[in-house]
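**Student:** Below is a structure I'd like to ask you about.
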Amino acid sequence: MKKSSFFQLGTAVAAAVVIGLFPGCKPKAPGQVGVGDAATKTYVAPGQYDEFYNIVSGGFNGQMSVVGLPSGRVFRIVPVFSVNPESGYGYSEESKAMLNTSFGFVPWDDLHHIALSTTKGEHDGRWAFGNANNTPRVARVDLTTFETTEIIELPNSGGNHSSPFITENSEYVVASSRFSVPIGTDAQRDVPINTYKENFKGTVSFISVDTEGGMKLAFQLVAPPVNFDLARSGKGKSHGWFFFSCYNTEAAYSLLEVNASQKDKDYIMALNWKKAEEYIKEGKGTMTKARYAHNKMDHHSFTATSTILEEVLQLDPSVLKDIIYFIPCPKSPHGCDVDPSGEYIVGSGKLAAQIPVFSFTKLMKAIEDKDFEGDYAGHPVVRYESALHGIVEKPGLGPLHTEFDGKGNAYTSMFVSSEVVKWDIATLQVLDRIPTYYSVGHICIPGGPTAKPHGKYLIAYNKITKDRYLPTGPELCHAAQLYDISGDKMKLLLDFPTIGEPHYAEALPASLIKDKQVTFYKLEENTHPYAAKGEGEAKVVRKGKEIHVYMTSIRSHFSPDNIEGVKIGDEVYFHVTNLEQDWDVPHGFAIRGAKTAETLIMPGATQTLKWVPERVGVVPFYCTDFCSALHQEMQGYIRISPANSNVELKYSLGETSPQ
Amino acid sequence: MNKVILSITLISMGLIISCGGGDTTAPNAAETAVTEAPKADPKGIGAITSVTLTDPMEQSMIASGKAIYEMKCSACHKLDGMRVVGPGFSGITNRRRPEWVMNMITNTEVMLEKDPAAQALLEECLMRMPNQNLSTGDARDVLEFMRKNDEDTAGKKDGAVNS
């Protein structure tokens, strides 16, 4: 036993030494365990709360997960762009409209990035925004209910990767296209693929956010056909500007792996959105035909509505000057991150072995002096050296994303060399480096992208876990690693698996949202048209072939729980109102043969499950969410008769006498 | 019911055994429970320490109480004396002081933990009464509706007002 632990310790030390000597090498062994007091630093005792909420994108599961830090415990999966049979999201009659698009009902997407709302550049704990990469959309999750309350589709976008990014006071959520596509009329869109340069366009969409969170597609910039990758808003001194990483400035449309990696430099696009607003005020935008869905959930009727909108205000920066400028940036920049002061813009060329850092002050001077080295698609290209603050030399291989701790340090993930590198923003000196296991993508520091980072921890979201966890067949878990960044040296504290494939995540102090949670919905404020607000309102109504069951649930019975007189050919709508008025008492409703899902009803809410009976007989339904000692008794029966039967429609609760 | 009696007996035996432990210095949980067992307060436990009842009853309060009852209470409490999920309401103001009723409505969790009468009802019904988040005013309206219901169904109200 002792021998084996000696051996492990030896291996860990050896690994650490090897990594220290050759920072560029990918670790080959499972690697070091957490150091020293790591266990106590991540241990959240039973009954205690975590210090931070971590809102994590789920990637191809289309959802967000809510995780506690430092424990890594998962509290909740919030369905956003994907149906969720667990809650009935996307299945219930009320929630289906949330997933409507101009293409119809789209029940899945790929959610990559989180943007938490800010005021004066700091987290305010109101909303979390997320992007749909595939069928371009932006969603808003309300952090008092952890429910998706609004989704807006983005027209003229081929793929919504560079999204969502938020301005200092949440004035706008900005979303730009990864895939450029031909836009406009059918004739304008039906073009040969090899006319990419002439006919394809990128777009940058500015979604305004009102004080209640309501989103509106305010305007859209038509941009050259680059691939927009990531972006950040300016803040502080650079408030009013936005910065986007652009790759494929080669305008490749095939074998991008090679053809979009030709140029030594691509660009960071700097966009003056205050200037864009001025042009709009002057009436210089063009209202253009478009087609996109705008879906909102009403929290009194618990019902979503979907509106198809038909036009979008577009700005053409090739005509309207002084909106966009390009800054050369080496090797297909991926991350484009702005430090807490708003002065420094970090471009991470994913194929580069250095990190250029640009200065906003220098950029402004270069623009003022027209210190340009040429143009790209008709837009000025600022001279690289003129905008450059400096370069972080030999940080590692494959820099991707940078976050900040608010103490003058930046932390950059290195995908190819599997490590996180800490460097000084002012001096550009590398201060520390620590391996990740393995192939780190995004990283998150609580408040890392804001004007006031909360610091303390860094979470690395890794693309490969290989030998870190018990294997589960061909597909292994995705995972995160938690590091303590409070000292000079980063320390690995914890490995924990994640839900889906996490891309970007944000974290904020629990105190910002913990006490603002909605605990239940007041029955008095329930405006659902089929609500039964009290057992006295429970009933069954036939409208032609539609049977509407106004049902109530409370610990632990449904009312009514015996229904007869329903026939083959009828469509049954169970509108279930949860009469509970206390926290943590949802009831579920499920019925045999339902081809959708269950529905989960929060206290005081009404949800509808549509069921089309296909067989004659008596069918049970029951509560799926364990609610009390008599939960197992929470059930009922509905009798289905042949289409031509004369069984009278009737319903009851608690009647026991034989007929 | 036999099961309930059996388990109560077992619990009592448990208490006796623990208490018989003798010379331990730190009081264990069972001892604490025994020594600190609260005396039944007919007013129950909570913020409501006195209720002024008027006669004749307040019609607007009865109407409001009835609406609240129908929305939030009727699923479990019937207006006659029959127990369904919880006890029937008929005669409640003749059995319980008005303060107890209002404390039970507004301070449900604590009442179920500590009030002997509420605990006895829990043992009988085996269903923890949900806190339906009624305000004190709402609870007072429901009480007024209960008084009216007692007058109508039991022929007598406020019989326990001085118990």
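Numbering starts fresh at 1 for the residues of each chain in the structure tokens, the chains themselves are lettered A, B, ... in the order given, and ligands are numbered from 1 as they appear.
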Might you pull out every residue within 8 Å of segment 115-132 of chain B, with only C-alpha atoms counted and same-chain residues fewer than 3 positions away left off, and present them as an MDAnalysis selection string?

**Tutor:** (chainID A and resid 555 580:582 628:630) or (chainID B and resid 4 38 40:41 44:45 72 85:87 104:112)

**Student:** Provide as a ChimeraX atom specification the residues of chain A at most 12 Å from chain B, counting only C-alpha atoms.

**Tutor:** /A:519-526,531-538,551-560,577-585,603-604,627-631,633-634,653-655

**Student:** Quick one: residues within 8 Å of Gln354 of chain A, only C-alpha atoms, excluding same-chain residues fewer than 5 positions away - as a PDB file with C-alpha atoms, in the first residue's frame?

**Tutor:**
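Result file follows (part.pdb):
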```pdb
ATOM      1  CA  SER A 348      -5.969  34.790 -29.460  1.00  0.00           C
ATOM      2  CA  GLY A 349      -4.818  33.376 -32.767  1.00  0.00           C
ATOM      3  CA  ILE A 391       2.799  40.645 -27.489  1.00  0.00           C
ATOM      4  CA  VAL A 392       2.847  37.860 -24.943  1.00  0.00           C
ATOM      5  CA  GLU A 393       5.738  35.804 -26.264  1.00  0.00           C
ATOM      6  CA  LYS A 394       5.746  32.004 -26.073  1.00  0.00           C
ATOM      7  CA  PRO A 395       2.700  31.658 -23.876  1.00  0.00           C
ATOM      8  CA  GLY A 396       2.110  28.082 -25.084  1.00  0.00           C
ATOM      9  CA  LEU A 397       0.443  26.603 -28.145  1.00  0.00           C
ATOM     10  CA  PRO A 399      -4.263  30.284 -27.352  1.00  0.00           C
TER      11      PRO A 399
END
```

**Student:** Take atom CA of Ile77 of chain A and atom CA of Cys444 of chain A and report the distance between them in Å, one decimal.

**Tutor:**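 Distance between the two atoms: 18.7 Å.
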
**Student:** Applying 7 Å and only C-alpha atoms, which residues near Gln607 of chain A remain after dropping the ones on its own chain fewer than 3 positions away? List them as a PDB file with all heavy atoms, in the first residue's frame.

**Tutor:**
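The result, written out as out_31.pdb:
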```pdb
ATOM      1  N   SER A  92     -45.334  20.500 -23.768  1.00  0.00           N
ATOM      2  CA  SER A  92     -46.618  20.981 -23.261  1.00  0.00           C
ATOM      3  C   SER A  92     -47.199  21.973 -24.267  1.00  0.00           C
ATOM      4  O   SER A  92     -46.459  22.612 -25.020  1.00  0.00           O
ATOM      5  CB  SER A  92     -46.439  21.641 -21.896  1.00  0.00           C
ATOM      6  OG  SER A  92     -45.747  22.865 -22.031  1.00  0.00           O
ATOM      7  N   GLU A  94     -48.360  24.753 -23.754  1.00  0.00           N
ATOM      8  CA  GLU A  94     -47.975  26.125 -23.434  1.00  0.00           C
ATOM      9  C   GLU A  94     -46.573  26.471 -23.912  1.00  0.00           C
ATOM     10  O   GLU A  94     -46.292  27.615 -24.259  1.00  0.00           O
ATOM     11  CB  GLU A  94     -48.035  26.354 -21.911  1.00  0.00           C
ATOM     12  CG  GLU A  94     -49.431  26.381 -21.331  1.00  0.00           C
ATOM     13  CD  GLU A  94     -49.996  24.995 -21.088  1.00  0.00           C
ATOM     14  OE1 GLU A  94     -49.294  23.992 -21.345  1.00  0.00           O
ATOM     15  OE2 GLU A  94     -51.149  24.903 -20.630  1.00  0.00           O
ATOM     16  N   HIS A 575     -55.564  20.032 -18.584  1.00  0.00           N
ATOM     17  CA  HIS A 575     -55.039  21.318 -18.108  1.00  0.00           C
ATOM     18  C   HIS A 575     -54.908  21.202 -16.591  1.00  0.00           C
ATOM     19  O   HIS A 575     -55.906  21.254 -15.876  1.00  0.00           O
ATOM     20  CB  HIS A 575     -56.006  22.461 -18.419  1.00  0.00           C
ATOM     21  CG  HIS A 575     -56.455  22.504 -19.856  1.00  0.00           C
ATOM     22  ND1 HIS A 575     -55.648  22.951 -20.869  1.00  0.00           N
ATOM     23  CD2 HIS A 575     -57.636  22.161 -20.439  1.00  0.00           C
ATOM     24  CE1 HIS A 575     -56.322  22.891 -22.014  1.00  0.00           C
ATOM     25  NE2 HIS A 575     -57.525  22.405 -21.783  1.00  0.00           N
ATOM     26  N   VAL A 576     -53.703  20.987 -16.124  1.00  0.00           N
ATOM     27  CA  VAL A 576     -53.529  20.682 -14.702  1.00  0.00           C
ATOM     28  C   VAL A 576     -53.040  21.925 -13.953  1.00  0.00           C
ATOM     29  O   VAL A 576     -51.996  22.488 -14.302  1.00  0.00           O
ATOM     30  CB  VAL A 576     -52.537  19.520 -14.500  1.00  0.00           C
ATOM     31  CG1 VAL A 576     -52.487  19.122 -13.027  1.00  0.00           C
ATOM     32  CG2 VAL A 576     -52.911  18.330 -15.369  1.00  0.00           C
ATOM     33  N   THR A 577     -53.822  22.334 -12.958  1.00  0.00           N
ATOM     34  CA  THR A 577     -53.411  23.450 -12.110  1.00  0.00           C
ATOM     35  C   THR A 577     -52.909  22.897 -10.788  1.00  0.00           C
ATOM     36  O   THR A 577     -53.604  22.116 -10.130  1.00  0.00           O
ATOM     37  CB  THR A 577     -54.591  24.405 -11.847  1.00  0.00           C
ATOM     38  OG1 THR A 577     -55.059  24.890 -13.099  1.00  0.00           O
ATOM     39  CG2 THR A 577     -54.153  25.588 -10.978  1.00  0.00           C
ATOM     40  N   THR A 599     -45.755  16.237 -17.951  1.00  0.00           N
ATOM     41  CA  THR A 599     -45.645  17.661 -17.709  1.00  0.00           C
ATOM     42  C   THR A 599     -45.451  17.863 -16.223  1.00  0.00           C
ATOM     43  O   THR A 599     -45.997  17.119 -15.407  1.00  0.00           O
ATOM     44  CB  THR A 599     -46.853  18.439 -18.277  1.00  0.00           C
ATOM     45  OG1 THR A 599     -46.601  19.818 -18.112  1.00  0.00           O
ATOM     46  CG2 THR A 599     -48.139  18.063 -17.593  1.00  0.00           C
ATOM     47  N   ILE A 601     -45.712  20.594 -13.156  1.00  0.00           N
ATOM     48  CA  ILE A 601     -46.439  21.834 -12.910  1.00  0.00           C
ATOM     49  C   ILE A 601     -45.948  22.465 -11.616  1.00  0.00           C
ATOM     50  O   ILE A 601     -46.030  21.862 -10.549  1.00  0.00           O
ATOM     51  CB  ILE A 601     -47.962  21.581 -12.828  1.00  0.00           C
ATOM     52  CG1 ILE A 601     -48.412  20.710 -14.003  1.00  0.00           C
ATOM     53  CG2 ILE A 601     -48.736  22.892 -12.806  1.00  0.00           C
ATOM     54  CD1 ILE A 601     -48.941  19.373 -13.635  1.00  0.00           C
TER      55      ILE A 601
END
```

**Student:** Which residue is closest to Gly159 of chain B? Choose from B:Gly65, B:Asn94, B:Gly46, B:Pro56 and count only C-alpha atoms.

**Tutor:**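 Going through B:Gly65, B:Asn94, B:Gly46, B:Pro56 one by one, the smallest distance to Gly159 of chain B is for B:Asn94.
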
**Student:** Just to confirm, what's the straight-line distance from atom CA of Thr436 of chain A to atom CA of Pro79 of chain A in Å (one decimal)?

**Tutor:**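 Separating atom CA of Thr436 of chain A from atom CA of Pro79 of chain A is a distance of 29.0 Å.
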
**Student:** Could you work out how far atom CA of Cys329 of chain A lies from atom CA of Thr249 of chain A, giving the answer in Å with one decimal?

**Tutor:**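 Distance between the two atoms: 11.1 Å.
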
**Student:** If we count only C-alpha atoms and set the cut-off at 9 Å, which residues sit around Glu250 of chain A, ignoring sequence neighbours fewer than 5 positions away in its own chain? Please answer as a ChimeraX atom specification.

**Tutor:** /A:226,259-263,266

**Student:** Tell me which protein, DNA and RNA residues are within 9 Å of segment 141-153 of chain B, counting only C-alpha atoms, leaving out same-chain ones fewer than 6 positions away, and put them as a list in words.

**Tutor:**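 Here the answer would be Leu53, Met57, Glu58, Gln59, Ser60, Met61, Ile62, Ala63, Ser64, Gly65, Lys66, Ala67, Ile68, Tyr69, Leu79, Asp80, Gly81, Phe89, Ser90, Gly91, Ile92, Thr93, Asn94, Pro98, Val101 and Met102 of chain B.
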
**Student:** Set the distance at 10 Å and use only C-alpha atoms: which residues neighbour Met414 of chain A once local chain neighbours fewer than 5 positions away are removed? I'd like the list as a PyMOL selection string.

**Tutor:** chain A and resi 24+348+350+353+395-402+419-421+435-436+439-442

**Student:** Using DSSP on the backbone, list every residue of segment 56-91 of chain B that comes out as helix (DSSP H, G or I), and give them as a list of chain:residue names.

**Tutor:**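 Taking segment 56-91 of chain B and keeping helix (DSSP H, G or I) only, one gets B:Gln59, B:Ser60, B:Met61, B:Ile62, B:Ala63, B:Ser64, B:Gly65, B:Lys66, B:Ala67, B:Ile68, B:Tyr69, B:Glu70, B:Met71, B:Lys72, B:Cys73.
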
**Student:** Check segment 285-434 of chain A with DSSP on the backbone and list each residue it calls strand (DSSP E or B), as a PyMOL selection string.

**Tutor:** chain A and resi 286-298+303-315+324-330+333-338+344-349+354-359+372-376+379-382+388-393+399-404+409-414+419-424+430-434
